[in-house]
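What follows is a set of notes on a single structure, which appears directly below.
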Amino acid sequence: MTMYVWDYLPEYEKERDDLLEAVDKVFSSGRLILGESVRGFEREFADYHGVAHCTGVDNGTNAVKLGLEALGVGPGDEVITVSNTAAPTVVAIVGAGATPVFVDVREEDFLMDTDQVAEAITPRTKAIVPVHLYGQCVDMAPLRELADRHGLVILEDCAQAHGARHHGWLAGTMGHAAAFSFYPTKVLGAYGDGGAVITSDDEVDADLRRLRYYGMEDVYYVVRSPGHNSRLDEVQAEILRRKLRRLDQYIAGRRAVARRYEEGLGDLADQGLLLPTVNPGNTHVYYVYVVRHPRRDDIIEALKRYDISLNISYPWPVHTMSGFSHLGYKEGMLPVTERLAKEIFSLPMYPSLSRERQDKVISAVREVLRTL
Ligand SMILES: *Cc1c(COP(=O)(O)O)cnc(C)c1O
C-alpha cells in the first residue's frame, strides 16, 4: 500500500466513538447552525489562547479574508506578506480587496525576512500578514515594532501553527488578530472544512460576527454593510471541541516523529539533505516536515519504487502564478523563495504515523541518497 505524507484513518480508528458521538450530539440537538457547539468551541479555543474572543468561520482562507476586513483592510490598502506560503493566504488578501506585497524568506528557516518588511512599507501599507510556516513562528518582535511605528495592523496566519510557541507566546496571540484553518490535514483538523479568527479586540470581534453572518447584527437581523456567509459548521465545531482537548497530545506526537527523523536522517547533511531548523525561543509543531535537497525531483521519483509518495509544500511560488501576474512580480524577484520551491519536499508527518512506517521512510531515504 502506498504511503502518503498524511493519513487520517489511523486517528479515526482510535477516535471513532468520540467523533460519531459528536455528530449524533449535534444531529439530536435541534439546532444545526450557530448553536451550542460553535459557541462552546469558540469559548474553548479563545480560552486555550488566553484571548478574549474567537469567531468560528467556514475555512482558513475566509478566516484571513474576514480577519483583514474586520481590521479595516480593504481596497487601496497594501498588505505585506510572503510568497513562500500556501496560495490561500494571498487569495484571501486579494479577496479582501487589498494588494499583496511580497517579501522574501530567510534561507535558514524559510520564514518571512523581517528586515525586508521594513523596506516594503509605503504610505499605502495597512497590514502585515506573517505566516507561521510549517508550524514555526515568524520573529514577531521586529514586526510589532514596525507596526507600532507605522500604525499598521498585524494579522497572523496561523493555519499551520496551532499551539506553536514563540518565546512563550502562543501563535495567534502576538498580533491584532489571528486566522486559523481547521482543514483536515492541519495540526488541529476537522472532518471537513473549518476556520476561526481570534482577537482580544471587542470591536474587531463584533465585526467578524457580522461579516460571517451576511453582515447582519445577530439580534436585529439588519444588514448595516453586506458581509458574507462564512459560518463554522455546527458538526465540525463539536468535532473540533473534542479534538482541541487532545491538541497538546497531537503536538507531542508530531514532535516525537520529528525527533525520530532527526535521529534517523540528521547525519546526511554532507549528502545534501537538510532537515528543518528550529529558532531559539520557538516550539515547532511540525504541521509538515519539510526537508531540502538539490536533487529533490530525483529523490521523490526514486522513493516511488518504495511505495512512498511525497508532497511538496509548495512547488510554485505564489508570485510566479499566472493568477497573480497583475501584481507585477517576475521570476528572479524573490530568489530564496524561488530556490526553495525547487529543492524542498515533505516527509510523512502526522501524530498517528506508526514507528514501522516512519522507519520505512528513514531507511528508504537513506538508501536512495546512497545510490543517487
Ligand atoms: C491551509 C492554509 C490556509 C487556508 O486554509 P483553508 O481552510 O484551506 O481555507 C491559509 N493559509 C495557510 C498558510 C494555510 O496553510
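Chain labels follow the order of the C-alpha cells: the first chain is A, the next B, and so on; residue numbering restarts at 1 in every chain, and ligands are counted from 1 in their shown order.
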
Please identify every residue of chain A that has at least one atom no farther than 8 Å from an atom of ligand 1, counting only C-alpha atoms and all ligand atoms, and for each give the shortest atom pair and the distance in Å to one decimal, arranged by chain then increasing number, as JSON lines.
{"residue": "A:Asp58", "atom": "CA", "partner": "ligand 1", "partner_atom_place_in_ligand_line": "7 (O)", "distance": 7.6}
{"residue": "A:Asn59", "atom": "CA", "partner": "ligand 1", "partner_atom_place_in_ligand_line": "7 (O)", "distance": 3.9}
{"residue": "A:Gly60", "atom": "CA", "partner": "ligand 1", "partner_atom_place_in_ligand_line": "5 (O)", "distance": 3.4}
{"residue": "A:Thr61", "atom": "CA", "partner": "ligand 1", "partner_atom_place_in_ligand_line": "9 (O)", "distance": 3.7}
{"residue": "A:Asn62", "atom": "CA", "partner": "ligand 1", "partner_atom_place_in_ligand_line": "9 (O)", "distance": 6.4}
{"residue": "A:Ala63", "atom": "CA", "partner": "ligand 1", "partner_atom_place_in_ligand_line": "9 (O)", "distance": 7.7}
{"residue": "A:Val64", "atom": "CA", "partner": "ligand 1", "partner_atom_place_in_ligand_line": "10 (C)", "distance": 7.1}
{"residue": "A:Thr85", "atom": "CA", "partner": "ligand 1", "partner_atom_place_in_ligand_line": "13 (C)", "distance": 5.6}
{"residue": "A:Ala86", "atom": "CA", "partner": "ligand 1", "partner_atom_place_in_ligand_line": "13 (C)", "distance": 4.9}
{"residue": "A:Ala87", "atom": "CA", "partner": "ligand 1", "partner_atom_place_in_ligand_line": "11 (N)", "distance": 7.1}
{"residue": "A:Pro88", "atom": "CA", "partner": "ligand 1", "partner_atom_place_in_ligand_line": "10 (C)", "distance": 4.7}
{"residue": "A:Thr89", "atom": "CA", "partner": "ligand 1", "partner_atom_place_in_ligand_line": "11 (N)", "distance": 4.5}
{"residue": "A:Val131", "atom": "CA", "partner": "ligand 1", "partner_atom_place_in_ligand_line": "13 (C)", "distance": 5.9}
{"residue": "A:His132", "atom": "CA", "partner": "ligand 1", "partner_atom_place_in_ligand_line": "13 (C)", "distance": 7.3}
{"residue": "A:Leu133", "atom": "CA", "partner": "ligand 1", "partner_atom_place_in_ligand_line": "13 (C)", "distance": 6.4}
{"residue": "A:Tyr134", "atom": "CA", "partner": "ligand 1", "partner_atom_place_in_ligand_line": "15 (O)", "distance": 7.8}
{"residue": "A:Asp157", "atom": "CA", "partner": "ligand 1", "partner_atom_place_in_ligand_line": "13 (C)", "distance": 5.9}
{"residue": "A:Cys158", "atom": "CA", "partner": "ligand 1", "partner_atom_place_in_ligand_line": "13 (C)", "distance": 6.7}
{"residue": "A:Ala159", "atom": "CA", "partner": "ligand 1", "partner_atom_place_in_ligand_line": "14 (C)", "distance": 4.6}
{"residue": "A:Gln160", "atom": "CA", "partner": "ligand 1", "partner_atom_place_in_ligand_line": "15 (O)", "distance": 5.1}
{"residue": "A:Phe180", "atom": "CA", "partner": "ligand 1", "partner_atom_place_in_ligand_line": "5 (O)", "distance": 7.3}
{"residue": "A:Ser181", "atom": "CA", "partner": "ligand 1", "partner_atom_place_in_ligand_line": "7 (O)", "distance": 4.2}
{"residue": "A:Phe182", "atom": "CA", "partner": "ligand 1", "partner_atom_place_in_ligand_line": "7 (O)", "distance": 5.7}
{"residue": "A:Tyr183", "atom": "CA", "partner": "ligand 1", "partner_atom_place_in_ligand_line": "7 (O)", "distance": 4.6}
{"residue": "A:Lys186", "atom": "CA", "partner": "ligand 1", "partner_atom_place_in_ligand_line": "1 (C)", "distance": 7.1}
{"residue": "A:Asp193", "atom": "CA", "partner": "ligand 1", "partner_atom_place_in_ligand_line": "7 (O)", "distance": 6.0}
{"residue": "A:Gly194", "atom": "CA", "partner": "ligand 1", "partner_atom_place_in_ligand_line": "7 (O)", "distance": 5.9}
{"residue": "A:Gly195", "atom": "CA", "partner": "ligand 1", "partner_atom_place_in_ligand_line": "7 (O)", "distance": 5.9}

Could you take the residues named above and write them with N, CA and C atoms, as a short mmCIF file (atom, residue, chain, number, x, y, z; two decimals), in the first residue's frame?
data_model
loop_
_atom_site.label_atom_id
_atom_site.label_comp_id
_atom_site.auth_asym_id
_atom_site.auth_seq_id
_atom_site.Cartn_x
_atom_site.Cartn_y
_atom_site.Cartn_z
N ASP A 58 -15.96 29.47 8.15
CA ASP A 58 -16.10 28.26 7.35
C ASP A 58 -14.79 27.65 6.88
N ASN A 59 -13.71 28.39 6.82
CA ASN A 59 -12.41 27.84 6.42
C ASN A 59 -11.31 28.85 6.72
N GLY A 60 -10.08 28.43 6.52
CA GLY A 60 -8.94 29.28 6.85
C GLY A 60 -8.77 30.45 5.91
N THR A 61 -9.11 30.23 4.64
CA THR A 61 -8.99 31.31 3.66
C THR A 61 -9.90 32.47 4.07
N ASN A 62 -11.14 32.12 4.42
CA ASN A 62 -12.07 33.18 4.83
C ASN A 62 -11.72 33.73 6.21
N ALA A 63 -11.03 32.96 7.03
CA ALA A 63 -10.55 33.49 8.31
C ALA A 63 -9.56 34.63 8.05
N VAL A 64 -8.67 34.44 7.08
CA VAL A 64 -7.72 35.51 6.73
C VAL A 64 -8.47 36.68 6.12
N THR A 85 4.29 30.70 0.79
CA THR A 85 3.17 30.30 1.65
C THR A 85 2.19 29.51 0.80
N ALA A 86 1.16 29.00 1.46
CA ALA A 86 0.06 28.38 0.72
C ALA A 86 -0.68 29.49 -0.02
N ALA A 87 -1.04 29.24 -1.27
CA ALA A 87 -1.70 30.28 -2.08
C ALA A 87 -2.90 30.94 -1.38
N PRO A 88 -3.69 30.20 -0.56
CA PRO A 88 -4.86 30.83 0.06
C PRO A 88 -4.55 32.07 0.89
N THR A 89 -3.36 32.18 1.48
CA THR A 89 -3.01 33.41 2.20
C THR A 89 -3.21 34.60 1.27
N VAL A 131 3.22 34.60 8.15
CA VAL A 131 2.73 33.22 8.06
C VAL A 131 3.67 32.35 8.89
N HIS A 132 3.12 31.73 9.93
CA HIS A 132 3.94 30.84 10.78
C HIS A 132 4.06 29.50 10.06
N LEU A 133 4.96 29.50 9.08
CA LEU A 133 5.01 28.43 8.08
C LEU A 133 5.49 27.10 8.65
N TYR A 134 4.82 26.05 8.25
CA TYR A 134 5.16 24.66 8.59
C TYR A 134 4.99 24.34 10.07
N ASP A 157 -1.20 34.61 10.20
CA ASP A 157 -1.77 33.45 9.52
C ASP A 157 -1.26 32.21 10.27
N CYS A 158 -2.15 31.66 11.11
CA CYS A 158 -1.79 30.54 11.99
C CYS A 158 -2.31 29.20 11.45
N ALA A 159 -2.62 29.16 10.16
CA ALA A 159 -3.23 27.95 9.59
C ALA A 159 -2.35 26.72 9.76
N GLN A 160 -1.04 26.94 9.96
CA GLN A 160 -0.13 25.80 10.09
C GLN A 160 0.49 25.73 11.48
N PHE A 180 -7.03 31.04 11.73
CA PHE A 180 -6.73 29.60 11.80
C PHE A 180 -7.55 28.85 10.75
N SER A 181 -6.97 27.77 10.25
CA SER A 181 -7.71 26.83 9.39
C SER A 181 -7.82 25.51 10.14
N PHE A 182 -8.96 24.86 9.98
CA PHE A 182 -9.11 23.50 10.51
C PHE A 182 -9.30 22.50 9.38
N TYR A 183 -8.76 22.82 8.21
CA TYR A 183 -8.69 21.86 7.10
C TYR A 183 -8.15 20.55 7.67
N LYS A 186 -4.53 19.87 8.95
CA LYS A 186 -3.84 20.82 9.85
C LYS A 186 -3.60 20.22 11.23
N ASP A 193 -14.31 21.15 6.35
CA ASP A 193 -13.72 22.48 6.41
C ASP A 193 -14.06 23.21 7.71
N GLY A 194 -13.21 24.12 8.08
CA GLY A 194 -13.48 24.97 9.24
C GLY A 194 -12.37 26.00 9.39
N GLY A 195 -12.67 27.07 10.13
CA GLY A 195 -11.67 28.09 10.39
C GLY A 195 -12.10 28.94 11.57
#

Skipping near chain neighbours, those fewer than 2 positions away, what residues fall within 8 Å of Tyr350 in chain A using only C-alpha atoms, listed as a PDB file with all heavy atoms, in the first residue's frame?
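This is the output file result-v3.pdb:
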ATOM      1  N   VAL A   5       2.103  11.438   2.655  1.00  0.00           N
ATOM      2  CA  VAL A   5       2.603  12.315   3.723  1.00  0.00           C
ATOM      3  C   VAL A   5       1.579  12.488   4.841  1.00  0.00           C
ATOM      4  O   VAL A   5       1.927  12.858   5.958  1.00  0.00           O
ATOM      5  CB  VAL A   5       3.025  13.705   3.199  1.00  0.00           C
ATOM      6  CG1 VAL A   5       4.290  13.608   2.376  1.00  0.00           C
ATOM      7  CG2 VAL A   5       1.904  14.361   2.411  1.00  0.00           C
ATOM      8  N   TRP A   6       0.304  12.218   4.529  1.00  0.00           N
ATOM      9  CA  TRP A   6      -0.722  12.417   5.555  1.00  0.00           C
ATOM     10  C   TRP A   6      -1.798  11.358   5.403  1.00  0.00           C
ATOM     11  O   TRP A   6      -2.140  10.965   4.286  1.00  0.00           O
ATOM     12  CB  TRP A   6      -1.343  13.813   5.423  1.00  0.00           C
ATOM     13  CG  TRP A   6      -2.381  14.090   6.451  1.00  0.00           C
ATOM     14  CD1 TRP A   6      -2.150  14.394   7.765  1.00  0.00           C
ATOM     15  CD2 TRP A   6      -3.807  14.083   6.284  1.00  0.00           C
ATOM     16  NE1 TRP A   6      -3.354  14.584   8.416  1.00  0.00           N
ATOM     17  CE2 TRP A   6      -4.375  14.393   7.526  1.00  0.00           C
ATOM     18  CE3 TRP A   6      -4.646  13.839   5.204  1.00  0.00           C
ATOM     19  CZ2 TRP A   6      -5.750  14.481   7.728  1.00  0.00           C
ATOM     20  CZ3 TRP A   6      -6.015  13.917   5.394  1.00  0.00           C
ATOM     21  CH2 TRP A   6      -6.555  14.243   6.652  1.00  0.00           C
ATOM     22  N   ASP A   7      -2.318  10.896   6.528  1.00  0.00           N
ATOM     23  CA  ASP A   7      -3.353   9.869   6.522  1.00  0.00           C
ATOM     24  C   ASP A   7      -4.124   9.997   7.837  1.00  0.00           C
ATOM     25  O   ASP A   7      -3.536   9.887   8.914  1.00  0.00           O
ATOM     26  CB  ASP A   7      -2.677   8.489   6.425  1.00  0.00           C
ATOM     27  CG  ASP A   7      -3.676   7.346   6.415  1.00  0.00           C
ATOM     28  OD1 ASP A   7      -4.893   7.595   6.445  1.00  0.00           O
ATOM     29  OD2 ASP A   7      -3.227   6.185   6.387  1.00  0.00           O
ATOM     30  N   GLY A 253       2.891  14.206  19.663  1.00  0.00           N
ATOM     31  CA  GLY A 253       3.079  13.123  18.699  1.00  0.00           C
ATOM     32  C   GLY A 253       3.872  13.585  17.489  1.00  0.00           C
ATOM     33  O   GLY A 253       4.787  12.897  17.014  1.00  0.00           O
ATOM     34  N   ARG A 254       3.537  14.757  16.979  1.00  0.00           N
ATOM     35  CA  ARG A 254       4.264  15.302  15.823  1.00  0.00           C
ATOM     36  C   ARG A 254       5.721  15.564  16.181  1.00  0.00           C
ATOM     37  O   ARG A 254       6.628  15.294  15.390  1.00  0.00           O
ATOM     38  CB  ARG A 254       3.610  16.611  15.351  1.00  0.00           C
ATOM     39  CG  ARG A 254       2.291  16.402  14.654  1.00  0.00           C
ATOM     40  CD  ARG A 254       1.607  17.725  14.302  1.00  0.00           C
ATOM     41  NE  ARG A 254       0.343  17.487  13.620  1.00  0.00           N
ATOM     42  CZ  ARG A 254       0.216  17.308  12.308  1.00  0.00           C
ATOM     43  NH1 ARG A 254       1.273  17.405  11.523  1.00  0.00           N
ATOM     44  NH2 ARG A 254      -0.958  17.063  11.770  1.00  0.00           N
ATOM     45  N   VAL A 257       7.675  12.376  16.176  1.00  0.00           N
ATOM     46  CA  VAL A 257       8.009  11.944  14.805  1.00  0.00           C
ATOM     47  C   VAL A 257       9.207  12.749  14.290  1.00  0.00           C
ATOM     48  O   VAL A 257      10.150  12.190  13.708  1.00  0.00           O
ATOM     49  CB  VAL A 257       6.783  12.117  13.865  1.00  0.00           C
ATOM     50  CG1 VAL A 257       7.172  11.901  12.411  1.00  0.00           C
ATOM     51  CG2 VAL A 257       5.664  11.147  14.250  1.00  0.00           C
ATOM     52  N   TYR A 287       3.559  21.036  11.374  1.00  0.00           N
ATOM     53  CA  TYR A 287       2.402  20.783  10.507  1.00  0.00           C
ATOM     54  C   TYR A 287       2.844  19.899   9.334  1.00  0.00           C
ATOM     55  O   TYR A 287       2.165  18.944   8.962  1.00  0.00           O
ATOM     56  CB  TYR A 287       1.835  22.108  10.005  1.00  0.00           C
ATOM     57  CG  TYR A 287       0.903  21.947   8.832  1.00  0.00           C
ATOM     58  CD1 TYR A 287      -0.205  21.104   8.915  1.00  0.00           C
ATOM     59  CD2 TYR A 287       1.146  22.613   7.629  1.00  0.00           C
ATOM     60  CE1 TYR A 287      -1.048  20.940   7.830  1.00  0.00           C
ATOM     61  CE2 TYR A 287       0.298  22.452   6.547  1.00  0.00           C
ATOM     62  CZ  TYR A 287      -0.793  21.612   6.660  1.00  0.00           C
ATOM     63  OH  TYR A 287      -1.617  21.443   5.576  1.00  0.00           O
ATOM     64  N   PRO A 348       6.455  12.116   5.379  1.00  0.00           N
ATOM     65  CA  PRO A 348       5.191  11.849   6.072  1.00  0.00           C
ATOM     66  C   PRO A 348       5.206  12.398   7.498  1.00  0.00           C
ATOM     67  O   PRO A 348       6.199  12.237   8.215  1.00  0.00           O
ATOM     68  CB  PRO A 348       5.107  10.320   6.080  1.00  0.00           C
ATOM     69  CG  PRO A 348       5.874   9.904   4.863  1.00  0.00           C
ATOM     70  CD  PRO A 348       7.011  10.891   4.766  1.00  0.00           C
ATOM     71  N   SER A 352      -0.313  10.095  14.372  1.00  0.00           N
ATOM     72  CA  SER A 352      -0.510   8.648  14.476  1.00  0.00           C
ATOM     73  C   SER A 352       0.339   7.873  13.471  1.00  0.00           C
ATOM     74  O   SER A 352       0.092   6.692  13.245  1.00  0.00           O
ATOM     75  CB  SER A 352      -1.992   8.318  14.283  1.00  0.00           C
ATOM     76  OG  SER A 352      -2.452   8.884  13.070  1.00  0.00           O
ATOM     77  N   LEU A 353       1.344   8.526  12.891  1.00  0.00           N
ATOM     78  CA  LEU A 353       2.275   7.821  11.990  1.00  0.00           C
ATOM     79  C   LEU A 353       3.000   6.733  12.788  1.00  0.00           C
ATOM     80  O   LEU A 353       3.645   7.021  13.790  1.00  0.00           O
ATOM     81  CB  LEU A 353       3.290   8.820  11.418  1.00  0.00           C
ATOM     82  CG  LEU A 353       4.368   8.275  10.476  1.00  0.00           C
ATOM     83  CD1 LEU A 353       3.755   7.736   9.192  1.00  0.00           C
ATOM     84  CD2 LEU A 353       5.384   9.364  10.130  1.00  0.00           C
TER      85      LEU A 353
END

- [ ] Tell me which of A:Leu152, A:Ile198, A:Val361, A:Val90 sits closest to Met321 in chain A, counting only C-alpha atoms.
- [x]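 Closest to Met321 in chain A of all the choices is A:Val90.
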
Task: Closest of A:His326, A:His284, A:Lys342, A:Lys243 to Arg296 in chain A - atom-to-atom distances counting only C-alpha atoms - done: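 Selected residue with least distance to Arg296 in chain A: A:Lys342.
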
Open item on the list: Just to confirm, what's the straight-line distance from CA of Leu310 in chain A to CA of Ala161 in chain A in Å (one decimal)?
Closed with: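 CA of Ala161 in chain A lies 21.1 Å from CA of Leu310 in chain A.
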
- [ ] Could you give me, as a VMD selection string, the residues within 9 Å of Ile33 in chain A, counting only C-alpha atoms and dropping anything in the same chain fewer than 2 positions from it?
- [x] chain A and resid 31 35 38 231 to 235

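Atom pair CA of Asp248 in chain A / CA of Gly163 in chain A has a distance of 7.3 Å (rounded to one decimal).
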
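With CA of Arg124 in chain A on one side and CA of Leu111 in chain A on the other, the separation reads 23.8 Å.
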
Open item on the list: Quick check for you: according to DSSP on this backbone, which residues of range 118-347 of chain A are classed as helix (DSSP H, G or I)? Reply as a PyMOL selection string.
Closed with: chain A and resi 118-120+133-135+140-150+202-211+234-244+247-265+269-271+296-304+318-320+322-327+335-343

Pull C-alpha atoms from the residues just selected and write them as a PDB file, in the first residue's frame.
ATOM      1  CA  ALA A 118      10.738  47.481   6.821  1.00  0.00           C
ATOM      2  CA  GLU A 119      11.830  48.251   3.251  1.00  0.00           C
ATOM      3  CA  ALA A 120       8.454  47.269   1.781  1.00  0.00           C
ATOM      4  CA  LEU A 133       5.009  28.429   8.080  1.00  0.00           C
ATOM      5  CA  TYR A 134       5.157  24.657   8.587  1.00  0.00           C
ATOM      6  CA  GLY A 135       4.454  25.097  12.325  1.00  0.00           C
ATOM      7  CA  MET A 140       7.396  38.817  15.926  1.00  0.00           C
ATOM      8  CA  ALA A 141       9.312  41.480  17.886  1.00  0.00           C
ATOM      9  CA  PRO A 142      10.566  43.360  14.795  1.00  0.00           C
ATOM     10  CA  LEU A 143       7.116  43.185  13.182  1.00  0.00           C
ATOM     11  CA  ARG A 144       5.387  44.544  16.266  1.00  0.00           C
ATOM     12  CA  GLU A 145       7.879  47.362  16.419  1.00  0.00           C
ATOM     13  CA  LEU A 146       7.278  48.238  12.751  1.00  0.00           C
ATOM     14  CA  ALA A 147       3.515  48.005  13.213  1.00  0.00           C
ATOM     15  CA  ASP A 148       3.609  50.361  16.206  1.00  0.00           C
ATOM     16  CA  ARG A 149       5.887  52.829  14.462  1.00  0.00           C
ATOM     17  CA  HIS A 150       3.857  52.967  11.217  1.00  0.00           C
ATOM     18  CA  ASP A 202     -14.053  43.674  21.169  1.00  0.00           C
ATOM     19  CA  GLU A 203     -14.859  45.743  18.076  1.00  0.00           C
ATOM     20  CA  VAL A 204     -12.897  43.540  15.713  1.00  0.00           C
ATOM     21  CA  ASP A 205     -14.721  40.509  17.071  1.00  0.00           C
ATOM     22  CA  ALA A 206     -18.112  42.178  16.741  1.00  0.00           C
ATOM     23  CA  ASP A 207     -17.273  42.964  13.104  1.00  0.00           C
ATOM     24  CA  LEU A 208     -16.202  39.376  12.489  1.00  0.00           C
ATOM     25  CA  ARG A 209     -19.515  38.104  13.784  1.00  0.00           C
ATOM     26  CA  ARG A 210     -21.386  40.423  11.420  1.00  0.00           C
ATOM     27  CA  LEU A 211     -19.131  39.626   8.483  1.00  0.00           C
ATOM     28  CA  GLU A 234     -22.039  23.044  13.964  1.00  0.00           C
ATOM     29  CA  VAL A 235     -20.929  19.424  13.403  1.00  0.00           C
ATOM     30  CA  GLN A 236     -17.349  20.429  12.671  1.00  0.00           C
ATOM     31  CA  ALA A 237     -17.366  22.672  15.753  1.00  0.00           C
ATOM     32  CA  GLU A 238     -18.396  19.765  18.006  1.00  0.00           C
ATOM     33  CA  ILE A 239     -15.672  17.570  16.485  1.00  0.00           C
ATOM     34  CA  LEU A 240     -13.157  20.383  16.974  1.00  0.00           C
ATOM     35  CA  ARG A 241     -14.142  20.816  20.646  1.00  0.00           C
ATOM     36  CA  ARG A 242     -13.251  17.202  21.286  1.00  0.00           C
ATOM     37  CA  LYS A 243     -10.059  17.354  19.245  1.00  0.00           C
ATOM     38  CA  LEU A 244      -8.993  20.616  20.931  1.00  0.00           C
ATOM     39  CA  LEU A 247      -4.324  19.211  20.698  1.00  0.00           C
ATOM     40  CA  ASP A 248      -1.314  19.153  23.021  1.00  0.00           C
ATOM     41  CA  GLN A 249      -1.161  15.361  22.612  1.00  0.00           C
ATOM     42  CA  TYR A 250      -1.238  15.685  18.814  1.00  0.00           C
ATOM     43  CA  ILE A 251       1.592  18.209  19.002  1.00  0.00           C
ATOM     44  CA  ALA A 252       3.639  15.918  21.243  1.00  0.00           C
ATOM     45  CA  GLY A 253       3.079  13.123  18.699  1.00  0.00           C
ATOM     46  CA  ARG A 254       4.264  15.302  15.823  1.00  0.00           C
ATOM     47  CA  ARG A 255       7.315  16.399  17.777  1.00  0.00           C
ATOM     48  CA  ALA A 256       8.167  12.771  18.523  1.00  0.00           C
ATOM     49  CA  VAL A 257       8.009  11.944  14.805  1.00  0.00           C
ATOM     50  CA  ALA A 258      10.293  14.916  14.093  1.00  0.00           C
ATOM     51  CA  ARG A 259      12.779  13.744  16.730  1.00  0.00           C
ATOM     52  CA  ARG A 260      12.913  10.321  15.128  1.00  0.00           C
ATOM     53  CA  TYR A 261      13.599  11.829  11.691  1.00  0.00           C
ATOM     54  CA  GLU A 262      16.433  13.823  13.260  1.00  0.00           C
ATOM     55  CA  GLU A 263      17.891  10.675  14.779  1.00  0.00           C
ATOM     56  CA  GLY A 264      17.464   8.703  11.563  1.00  0.00           C
ATOM     57  CA  LEU A 265      18.441  11.311   8.970  1.00  0.00           C
ATOM     58  CA  ALA A 269      23.862  16.957   5.611  1.00  0.00           C
ATOM     59  CA  ASP A 270      27.118  16.073   3.841  1.00  0.00           C
ATOM     60  CA  GLN A 271      24.995  14.213   1.281  1.00  0.00           C
ATOM     61  CA  ARG A 296      14.690  16.769  -4.845  1.00  0.00           C
ATOM     62  CA  ASP A 297      12.932  15.581  -8.015  1.00  0.00           C
ATOM     63  CA  ASP A 298      15.208  12.532  -8.383  1.00  0.00           C
ATOM     64  CA  ILE A 299      14.649  11.587  -4.742  1.00  0.00           C
ATOM     65  CA  ILE A 300      10.868  11.831  -4.996  1.00  0.00           C
ATOM     66  CA  GLU A 301      10.927   9.753  -8.174  1.00  0.00           C
ATOM     67  CA  ALA A 302      13.176   7.096  -6.589  1.00  0.00           C
ATOM     68  CA  LEU A 303      11.013   6.855  -3.462  1.00  0.00           C
ATOM     69  CA  LYS A 304       8.031   5.859  -5.575  1.00  0.00           C
ATOM     70  CA  VAL A 318       2.739  32.359  -5.376  1.00  0.00           C
ATOM     71  CA  HIS A 319       4.269  35.439  -7.042  1.00  0.00           C
ATOM     72  CA  THR A 320       5.038  33.424 -10.199  1.00  0.00           C
ATOM     73  CA  SER A 322      -0.437  33.399 -13.544  1.00  0.00           C
ATOM     74  CA  GLY A 323      -3.407  34.249 -11.306  1.00  0.00           C
ATOM     75  CA  PHE A 324      -1.303  36.915  -9.625  1.00  0.00           C
ATOM     76  CA  SER A 325       0.546  38.250 -12.682  1.00  0.00           C
ATOM     77  CA  HIS A 326      -1.356  41.565 -12.349  1.00  0.00           C
ATOM     78  CA  LEU A 327       0.697  42.252  -9.231  1.00  0.00           C
ATOM     79  CA  PRO A 335      15.366  34.436  -5.143  1.00  0.00           C
ATOM     80  CA  VAL A 336      15.247  32.481  -1.860  1.00  0.00           C
ATOM     81  CA  THR A 337      11.555  31.615  -2.278  1.00  0.00           C
ATOM     82  CA  GLU A 338      12.208  30.517  -5.872  1.00  0.00           C
ATOM     83  CA  ARG A 339      15.243  28.397  -4.938  1.00  0.00           C
ATOM     84  CA  LEU A 340      13.407  26.674  -2.088  1.00  0.00           C
ATOM     85  CA  ALA A 341      10.487  25.773  -4.335  1.00  0.00           C
ATOM     86  CA  LYS A 342      12.873  23.693  -6.439  1.00  0.00           C
ATOM     87  CA  GLU A 343      14.602  21.916  -3.544  1.00  0.00           C
TER      88      GLU A 343
END
